$ cat coords17.tsv   # TSV, C-alpha atoms and all ligand atoms
chain	number	residue	atom	x	y	z
B	21	MET	CA	79.11	97.98	84.67
B	22	LEU	CA	80.26	98.83	88.15
B	23	ASN	CA	83.63	100.57	88.15
B	24	ILE	CA	85.05	101.64	91.50
B	25	VAL	CA	88.12	103.67	92.40
B	26	LEU	CA	89.29	102.79	95.91
B	27	PHE	CA	91.39	105.68	97.13
B	28	GLY	CA	93.44	106.45	100.21
B	29	PRO	CA	96.97	106.78	101.60
B	30	PRO	CA	99.36	103.83	101.96
B	31	GLY	CA	98.17	101.67	104.86
B	32	ALA	CA	94.53	102.84	104.64
B	33	GLY	CA	93.31	99.27	104.07
B	34	LYS	CA	92.70	99.44	100.31
B	35	GLY	CA	94.08	95.94	99.71
B	36	THR	CA	91.99	94.38	102.49
B	37	GLN	CA	88.77	96.07	101.40
B	38	SER	CA	89.49	95.37	97.72
B	39	GLU	CA	89.56	91.63	98.33
B	40	LYS	CA	86.12	91.80	99.94
B	41	LEU	CA	84.70	94.07	97.22
B	42	ILE	CA	85.87	92.01	94.24
B	43	ASP	CA	84.37	88.95	95.89
B	44	LYS	CA	81.00	90.48	96.73
B	45	TYR	CA	80.44	92.37	93.46
B	46	ASN	CA	82.40	90.11	91.06
B	47	LEU	CA	84.88	92.74	89.91
B	48	ALA	CA	88.28	92.53	88.23
B	49	HIS	CA	90.92	93.80	90.67
B	50	ILE	CA	93.42	96.23	89.19
B	51	SER	CA	96.04	97.04	91.82
B	52	THR	CA	98.94	98.87	90.22
B	53	GLY	CA	101.15	98.16	93.26
B	54	ASP	CA	100.47	94.41	92.93
B	55	LEU	CA	101.08	94.55	89.17
B	56	PHE	CA	104.44	96.25	89.72
B	57	ARG	CA	105.43	93.73	92.39
B	58	LYS	CA	104.48	90.88	90.04
B	59	ASN	CA	106.65	92.40	87.30
B	60	LEU	CA	109.45	92.84	89.81
B	61	ASN	CA	109.29	89.19	90.90
B	62	GLU	CA	109.25	88.04	87.29
B	63	GLY	CA	112.24	90.27	86.49
B	64	THR	CA	110.52	92.01	83.56
B	65	LYS	CA	111.81	95.22	82.02
B	66	MET	CA	108.90	97.12	83.54
B	67	GLY	CA	109.61	95.60	86.95
B	68	LYS	CA	113.21	96.73	86.78
B	69	LEU	CA	112.16	100.20	85.72
B	70	ALA	CA	109.62	100.48	88.54
B	71	GLN	CA	111.91	99.12	91.24
B	72	LYS	CA	113.98	102.24	91.83
B	73	TYR	CA	110.86	104.39	92.28
B	74	MET	CA	109.21	101.84	94.56
B	75	ASP	CA	112.35	101.43	96.66
B	76	GLU	CA	112.46	105.17	97.27
B	77	GLY	CA	108.74	105.44	97.96
B	78	ASN	CA	108.25	107.62	94.88
B	79	LEU	CA	105.67	107.29	92.14
B	80	VAL	CA	106.47	105.37	88.97
B	81	PRO	CA	106.15	107.74	85.95
B	82	ASP	CA	102.59	108.25	84.69
B	83	GLU	CA	103.15	106.91	81.17
B	84	VAL	CA	104.45	103.59	82.55
B	85	VAL	CA	101.51	103.18	84.96
B	86	ILE	CA	98.90	104.21	82.38
B	87	GLY	CA	100.33	101.85	79.74
B	88	MET	CA	100.24	98.99	82.23
B	89	VAL	CA	96.60	99.66	83.20
B	90	ASP	CA	95.61	99.98	79.54
B	91	GLU	CA	97.10	96.54	78.84
B	92	ARG	CA	95.37	95.06	81.87
B	93	ILE	CA	91.95	96.45	80.85
B	94	LYS	CA	92.38	94.96	77.38
B	95	GLU	CA	92.34	91.48	78.98
B	96	ARG	CA	88.56	92.00	79.25
B	97	GLU	CA	87.57	89.63	82.01
B	98	GLU	CA	83.97	88.42	82.33
B	99	THR	CA	83.15	90.47	85.41
B	100	ASN	CA	80.65	93.12	86.47
B	101	GLY	CA	83.30	95.81	86.27
B	102	TYR	CA	86.67	96.94	87.63
B	103	LEU	CA	88.00	97.82	91.03
B	104	PHE	CA	90.95	100.21	90.79
B	105	ASP	CA	93.18	100.00	93.86
B	106	GLY	CA	96.11	102.40	94.25
B	107	PHE	CA	95.30	103.96	90.88
B	108	PRO	CA	94.90	106.78	89.86
B	109	ARG	CA	97.55	108.46	91.99
B	110	THR	CA	98.01	111.66	89.96
B	111	ILE	CA	95.64	113.98	88.07
B	112	GLU	CA	97.28	112.84	84.83
B	113	GLN	CA	96.44	109.21	85.69
B	114	ALA	CA	92.86	110.17	86.62
B	115	LYS	CA	92.38	111.89	83.25
B	116	ALA	CA	93.91	108.94	81.42
B	117	LEU	CA	91.61	106.54	83.28
B	118	ASP	CA	88.57	108.57	82.24
B	119	ARG	CA	89.76	108.43	78.62
B	120	LEU	CA	90.29	104.65	78.82
B	121	MET	CA	86.88	104.10	80.38
B	122	ASP	CA	85.14	106.43	77.91
B	123	LYS	CA	86.68	104.43	75.08
B	124	ASN	CA	85.07	101.31	76.56
B	125	GLU	CA	81.84	103.23	77.30
B	126	THR	CA	81.94	102.23	80.99
B	127	PRO	CA	82.62	105.31	83.12
B	128	ILE	CA	83.83	105.25	86.73
B	129	SER	CA	80.71	104.74	88.88
B	130	THR	CA	82.07	105.99	92.19
B	131	MET	CA	85.24	106.83	94.07
B	132	ILE	CA	85.64	105.79	97.70
B	133	SER	CA	88.26	107.42	99.84
B	134	LEU	CA	89.38	105.65	103.04
B	135	ASP	CA	90.12	108.15	105.76
B	136	VAL	CA	92.83	107.13	108.30
B	137	PRO	CA	94.96	109.45	110.49
B	138	GLU	CA	98.67	109.62	109.71
B	139	GLU	CA	99.88	108.11	113.01
B	140	GLU	CA	97.66	105.09	112.48
B	141	LEU	CA	99.02	104.67	108.93
B	142	ILE	CA	102.61	104.57	110.19
B	143	THR	CA	101.76	102.02	112.90
B	144	ARG	CA	99.92	99.81	110.40
B	145	LEU	CA	102.65	99.95	107.75
B	146	LEU	CA	105.43	99.11	110.23
B	147	GLU	CA	103.32	96.21	111.48
B	148	ARG	CA	102.65	95.01	107.93
B	149	GLY	CA	106.38	95.26	107.18
B	150	LYS	CA	107.07	92.50	109.72
B	151	THR	CA	105.28	89.95	107.51
B	152	SER	CA	104.68	91.48	104.05
B	153	GLY	CA	108.29	91.18	102.91
B	154	ARG	CA	107.85	94.60	101.31
B	155	PRO	CA	111.03	96.66	101.76
B	156	ASP	CA	108.98	99.86	101.46
B	157	ASP	CA	107.03	98.88	104.62
B	158	GLN	CA	110.08	98.25	106.76
B	159	ASN	CA	111.71	101.62	106.97
B	160	LEU	CA	110.23	104.65	108.73
B	161	ASP	CA	111.84	107.17	106.35
B	162	LYS	CA	110.42	105.37	103.31
B	163	ILE	CA	106.99	105.23	104.91
B	164	LYS	CA	107.13	108.96	105.62
B	165	THR	CA	108.19	109.65	102.02
B	166	ARG	CA	105.22	107.61	100.74
B	167	ILE	CA	102.79	109.54	102.94
B	168	GLN	CA	104.32	112.85	101.82
B	169	VAL	CA	104.12	111.81	98.15
B	170	TYR	CA	100.47	110.90	98.77
B	171	GLN	CA	99.75	114.33	100.25
B	172	GLU	CA	101.54	116.27	97.55
B	173	GLU	CA	100.87	114.29	94.38
B	174	THR	CA	97.88	112.04	95.04
B	175	LEU	CA	95.53	114.09	97.22
B	176	PRO	CA	94.64	116.46	94.31
B	177	VAL	CA	92.98	113.41	92.69
B	178	ALA	CA	90.32	113.64	95.42
B	179	THR	CA	89.39	117.12	94.18
B	180	TYR	CA	89.21	115.78	90.62
B	181	TYR	CA	86.53	113.28	91.68
B	182	LYS	CA	84.78	115.84	93.92
B	183	GLU	CA	84.33	118.01	90.83
B	184	GLN	CA	82.73	115.03	89.09
B	185	LYS	CA	80.49	114.45	92.17
B	186	LYS	CA	81.89	110.93	92.53
B	187	TYR	CA	83.88	111.42	95.75
B	188	ASN	CA	82.80	109.56	98.90
B	189	ASP	CA	84.59	109.58	102.21
B	190	VAL	CA	84.49	106.47	104.42
B	191	VAL	CA	86.08	106.23	107.88
B	192	GLY	CA	88.90	103.69	107.53
B	193	VAL	CA	89.45	103.06	111.25
B	194	GLY	CA	87.65	100.39	113.27
B	195	ALA	CA	86.44	96.88	112.52
B	196	ILE	CA	87.20	95.70	108.97
B	197	ASP	CA	83.62	94.44	108.49
B	198	LYS	CA	82.11	97.73	109.67
B	199	ILE	CA	84.28	99.69	107.23
B	200	PHE	CA	83.25	97.26	104.49
B	201	GLU	CA	79.57	97.74	105.36
B	202	ASN	CA	79.95	101.51	104.99
B	203	ILE	CA	81.71	101.11	101.63
B	204	CYS	CA	78.94	98.78	100.42
B	205	LYS	CA	76.27	101.35	101.33
B	206	GLU	CA	77.80	103.68	98.76
B	207	VAL	CA	78.53	100.98	96.17
B	208	ASP	CA	74.96	99.63	96.34
B	209	LYS	CA	73.66	102.98	95.07
B	210	HIS	CA	75.29	102.15	91.72
B	211	LEU	CA	73.91	98.65	91.16
M	301	LIG	P1	101.14	100.21	96.68
M	301	LIG	O1	101.20	98.73	96.72
M	301	LIG	O2	99.86	100.72	96.09
M	301	LIG	O3	101.45	100.83	98.01
M	301	LIG	O4	102.30	100.68	95.69
M	301	LIG	C1	103.66	100.40	95.94
M	301	LIG	C2	104.54	101.30	95.08
M	301	LIG	O5	104.28	101.03	93.69
M	301	LIG	C3	104.29	102.80	95.24
M	301	LIG	O6	105.00	103.34	96.34
M	301	LIG	C4	104.79	103.33	93.90
M	301	LIG	O7	106.19	103.35	93.85
M	301	LIG	C5	104.32	102.24	92.93
M	301	LIG	N1	102.96	102.52	92.44
M	301	LIG	C6	101.83	101.78	92.66
M	301	LIG	N2	100.77	102.31	92.06
M	301	LIG	C7	101.21	103.44	91.43
M	301	LIG	C8	100.56	104.45	90.66
M	301	LIG	N3	99.26	104.41	90.40
M	301	LIG	N4	101.34	105.47	90.21
M	301	LIG	C9	102.66	105.51	90.45
M	301	LIG	N5	103.32	104.61	91.19
M	301	LIG	C10	102.61	103.57	91.68

$ encode --input "coords17.tsv" --output "C-alpha cells"
Amino acid sequence: MLNIVLFGPPGAGKGTQSEKLIDKYNLAHISTGDLFRKNLNEGTKMGKLAQKYMDEGNLVPDEVVIGMVDERIKEREETNGYLFDGFPRTIEQAKALDRLMDKNETPISTMISLDVPEEELITRLLERGKTSGRPDDQNLDKIKTRIQVYQEETLPVATYYKEQKKYNDVVGVGAIDKIFENICKEVDKHL
C-alpha cells in the first residue's frame, strides 16, 4: 500500500496536488477540510460542531477529527492506498494516524511538505476566496489566524515525521506540473 501525508500551510496547493496524486496513483483522498465542509453542507451534528472552529480559523478538536478519519478509513475503498490532505495537523493526530495505520498493517509511506512563503499564501488564499465561497478565505484576519495556527500547532508535526525519516520538502511555488513532478519523484521511491 502507498500511504501519503501531504503537508503544508493553508494555500500551499495541497488540494490541487492531491487531485493529481489520487488520479495518478489510484489513492483514496482523505481531506479533513473537505469532510468537514461536506458535513457542514449536509447540516450534520459534526458539521455544526466544526463550524465555529472553522469560522474562526481554529482547529477542530483532535478527538472529533480522529473519529472522523477512523470512520472514513473503515469504508475500505479498493485503492492502492490513502492520500491524507490537511491531516494530521497536530502531534496528537499524527500519533493517532500511526495507530490507525498500524492496526490496518499499512504504515505511512512518506510525508511531503509543500514549502510556500507566507506572503504568497496570503495572496493565493485571498484570490481563492473570490471563487471558492469559503468564508475562511475571504477575510485577511482569518487567513492570518490560520497561518498562525499552522505555525504554532501544525508545524511540530513536521518534526514528528523527520524523526521517523519520512519528511520530504518540495518547493510549492512555480508551475503546478513542475511541483507535481517533484512530488512524484519522492512518491515513486515507495512503489
Ligand atoms: P482546510 O480545508 O484543510 O483548509 O481546512 C479548513 C478548516 O477545517 C480548518 O481551518 C480547520 O478549522 C478545519 N480542519 C480541517 N482539517 C483539520 C484537522 N486535521 N484538524 C483540525 N481542524 C481541521

$ closest_atom_pairs --input "coords17.tsv" --of "range 91-141 of chain B" --to "range 171-191 of chain B" --cutoff "6 Å" --atoms "all atoms listed in the file" --output "CSV"
residue,atom,partner,partner_atom,distance
B:Arg109,CA,B:Thr174,CA,4.7
B:Thr110,CA,B:Thr174,CA,5.1
B:Ile111,CA,B:Val177,CA,5.4
B:Thr130,CA,B:Lys186,CA,5.0
B:Met131,CA,B:Tyr187,CA,5.1
B:Ile132,CA,B:Asn188,CA,4.9
B:Ser133,CA,B:Asp189,CA,4.9
B:Leu134,CA,B:Val190,CA,5.1
B:Asp135,CA,B:Val191,CA,4.9

$ closest_atom_pairs --input "coords17.tsv" --of "chain B" --to "ligand LIG 301 (chain M)" --cutoff "6 Å" --atoms "all atoms listed in the file" --output "tab-separated table"
residue	atom	partner	partner_atom	distance
B:Pro30	CA	M:LIG301	O3	5.4
B:Thr52	CA	M:LIG301	N2	4.3
B:Gly53	CA	M:LIG301	O1	3.5
B:Asp54	CA	M:LIG301	O1	5.8
B:Tyr73	CA	M:LIG301	O7	5.0
B:Met74	CA	M:LIG301	O7	3.5
B:Gly77	CA	M:LIG301	O6	4.6
B:Asn78	CA	M:LIG301	O7	4.9
B:Leu79	CA	M:LIG301	N5	3.7
B:Val80	CA	M:LIG301	N5	3.9
B:Val85	CA	M:LIG301	N4	5.7
B:Gly106	CA	M:LIG301	O2	4.5
B:Phe107	CA	M:LIG301	N3	4.0
B:Pro108	CA	M:LIG301	N3	5.0
B:Arg109	CA	M:LIG301	N3	4.7

$ write_last_selection --input "coords17.tsv" --atoms "C-alpha atoms" --output "mmCIF file, in the frame of the given file"
data_model
loop_
_atom_site.group_PDB
_atom_site.id
_atom_site.type_symbol
_atom_site.label_atom_id
_atom_site.label_comp_id
_atom_site.auth_asym_id
_atom_site.auth_seq_id
_atom_site.Cartn_x
_atom_site.Cartn_y
_atom_site.Cartn_z
ATOM 1 C CA PRO B 30 99.360 103.830 101.960
ATOM 2 C CA THR B 52 98.940 98.870 90.220
ATOM 3 C CA GLY B 53 101.150 98.160 93.260
ATOM 4 C CA ASP B 54 100.470 94.410 92.930
ATOM 5 C CA TYR B 73 110.860 104.390 92.280
ATOM 6 C CA MET B 74 109.210 101.840 94.560
ATOM 7 C CA GLY B 77 108.740 105.440 97.960
ATOM 8 C CA ASN B 78 108.250 107.620 94.880
ATOM 9 C CA LEU B 79 105.670 107.290 92.140
ATOM 10 C CA VAL B 80 106.470 105.370 88.970
ATOM 11 C CA VAL B 85 101.510 103.180 84.960
ATOM 12 C CA GLY B 106 96.110 102.400 94.250
ATOM 13 C CA PHE B 107 95.300 103.960 90.880
ATOM 14 C CA PRO B 108 94.900 106.780 89.860
ATOM 15 C CA ARG B 109 97.550 108.460 91.990
#

$ atom_distance --input "coords17.tsv" --atom1 "CA of Asn23 in chain B" --atom2 "CA of Pro81 in chain B"
23.7 Å

$ atom_distance --input "coords17.tsv" --atom1 "CA of Phe200 in chain B" --atom2 "CA of Ile24 in chain B"
13.8 Å

$ atom_distance --input "coords17.tsv" --atom1 "CA of Gly33 in chain B" --atom2 "CA of Leu145 in chain B"
10.1 Å

$ closest_residue --input "coords17.tsv" --among "B:Glu125, B:Glu91, B:Asp161, B:Asp82" --to "Glu112 in chain B" --atoms "only C-alpha atoms"
B:Asp82

$ residues_around --input "coords17.tsv" --residues "Leu117 in chain B" --least-positions-apart "6" --cutoff "10 Å" --atoms "only C-alpha atoms" --output "PDB file with C-alpha atoms, in the coordinates of the input"
ATOM      1  CA  ILE B  86      98.900 104.210  82.380  1.00  0.00           C
ATOM      2  CA  VAL B  89      96.600  99.660  83.200  1.00  0.00           C
ATOM      3  CA  ASP B  90      95.610  99.980  79.540  1.00  0.00           C
ATOM      4  CA  PHE B 104      90.950 100.210  90.790  1.00  0.00           C
ATOM      5  CA  PHE B 107      95.300 103.960  90.880  1.00  0.00           C
ATOM      6  CA  PRO B 108      94.900 106.780  89.860  1.00  0.00           C
ATOM      7  CA  ILE B 111      95.640 113.980  88.070  1.00  0.00           C
ATOM      8  CA  LYS B 123      86.680 104.430  75.080  1.00  0.00           C
ATOM      9  CA  PRO B 127      82.620 105.310  83.120  1.00  0.00           C
ATOM     10  CA  ILE B 128      83.830 105.250  86.730  1.00  0.00           C
TER      11      ILE B 128
END

$ closest_residue --input "coords17.tsv" --among "B:Asp122, B:Ser129, B:Ile196, B:Lys162" --to "Glu39 in chain B" --atoms "all atoms listed in the file"
B:Ile196

$ closest_residue --input "coords17.tsv" --among "B:Ser38, B:Asn46, B:Glu138, B:Gly87" --to "Tyr170 in chain B" --atoms "all atoms listed in the file"
B:Glu138

$ closest_residue --input "coords17.tsv" --among "B:Lys150, B:Arg57, B:Lys198, B:Arg96" --to "Gln37 in chain B" --atoms "all atoms listed in the file"
B:Lys198

$ closest_residue --input "coords17.tsv" --among "B:Met121, B:Val169, B:Ile163, B:Val84" --to "Glu139 in chain B" --atoms "only C-alpha atoms"
B:Ile163

$ closest_residue --input "coords17.tsv" --among "B:Asp105, B:Glu62, B:Glu98, B:Asp118" --to "Phe27 in chain B" --atoms "all atoms listed in the file"
B:Asp105

$ residues_around --input "coords17.tsv" --residues "range 140-142 of chain B" --least-positions-apart "2" --cutoff "9 Å" --atoms "all atoms listed in the file" --output "VMD selection string"
chain B and resid 29 to 32 136 to 138 144 to 147 160 163 to 164 167 193

$ write_last_selection --input "coords17.tsv" --atoms "C-alpha atoms" --output "PDB file, in the coordinates of the input"
ATOM      1  CA  PRO B  29      96.970 106.780 101.600  1.00  0.00           C
ATOM      2  CA  PRO B  30      99.360 103.830 101.960  1.00  0.00           C
ATOM      3  CA  GLY B  31      98.170 101.670 104.860  1.00  0.00           C
ATOM      4  CA  ALA B  32      94.530 102.840 104.640  1.00  0.00           C
ATOM      5  CA  VAL B 136      92.830 107.130 108.300  1.00  0.00           C
ATOM      6  CA  PRO B 137      94.960 109.450 110.490  1.00  0.00           C
ATOM      7  CA  GLU B 138      98.670 109.620 109.710  1.00  0.00           C
ATOM      8  CA  ARG B 144      99.920  99.810 110.400  1.00  0.00           C
ATOM      9  CA  LEU B 145     102.650  99.950 107.750  1.00  0.00           C
ATOM     10  CA  LEU B 146     105.430  99.110 110.230  1.00  0.00           C
ATOM     11  CA  GLU B 147     103.320  96.210 111.480  1.00  0.00           C
ATOM     12  CA  LEU B 160     110.230 104.650 108.730  1.00  0.00           C
ATOM     13  CA  ILE B 163     106.990 105.230 104.910  1.00  0.00           C
ATOM     14  CA  LYS B 164     107.130 108.960 105.620  1.00  0.00           C
ATOM     15  CA  ILE B 167     102.790 109.540 102.940  1.00  0.00           C
ATOM     16  CA  VAL B 193      89.450 103.060 111.250  1.00  0.00           C
TER      17      VAL B 193
END

$ residues_around --input "coords17.tsv" --residues "Lys58 in chain B" --least-positions-apart "5" --cutoff "12 Å" --atoms "only C-alpha atoms" --output "count of residues only"
11
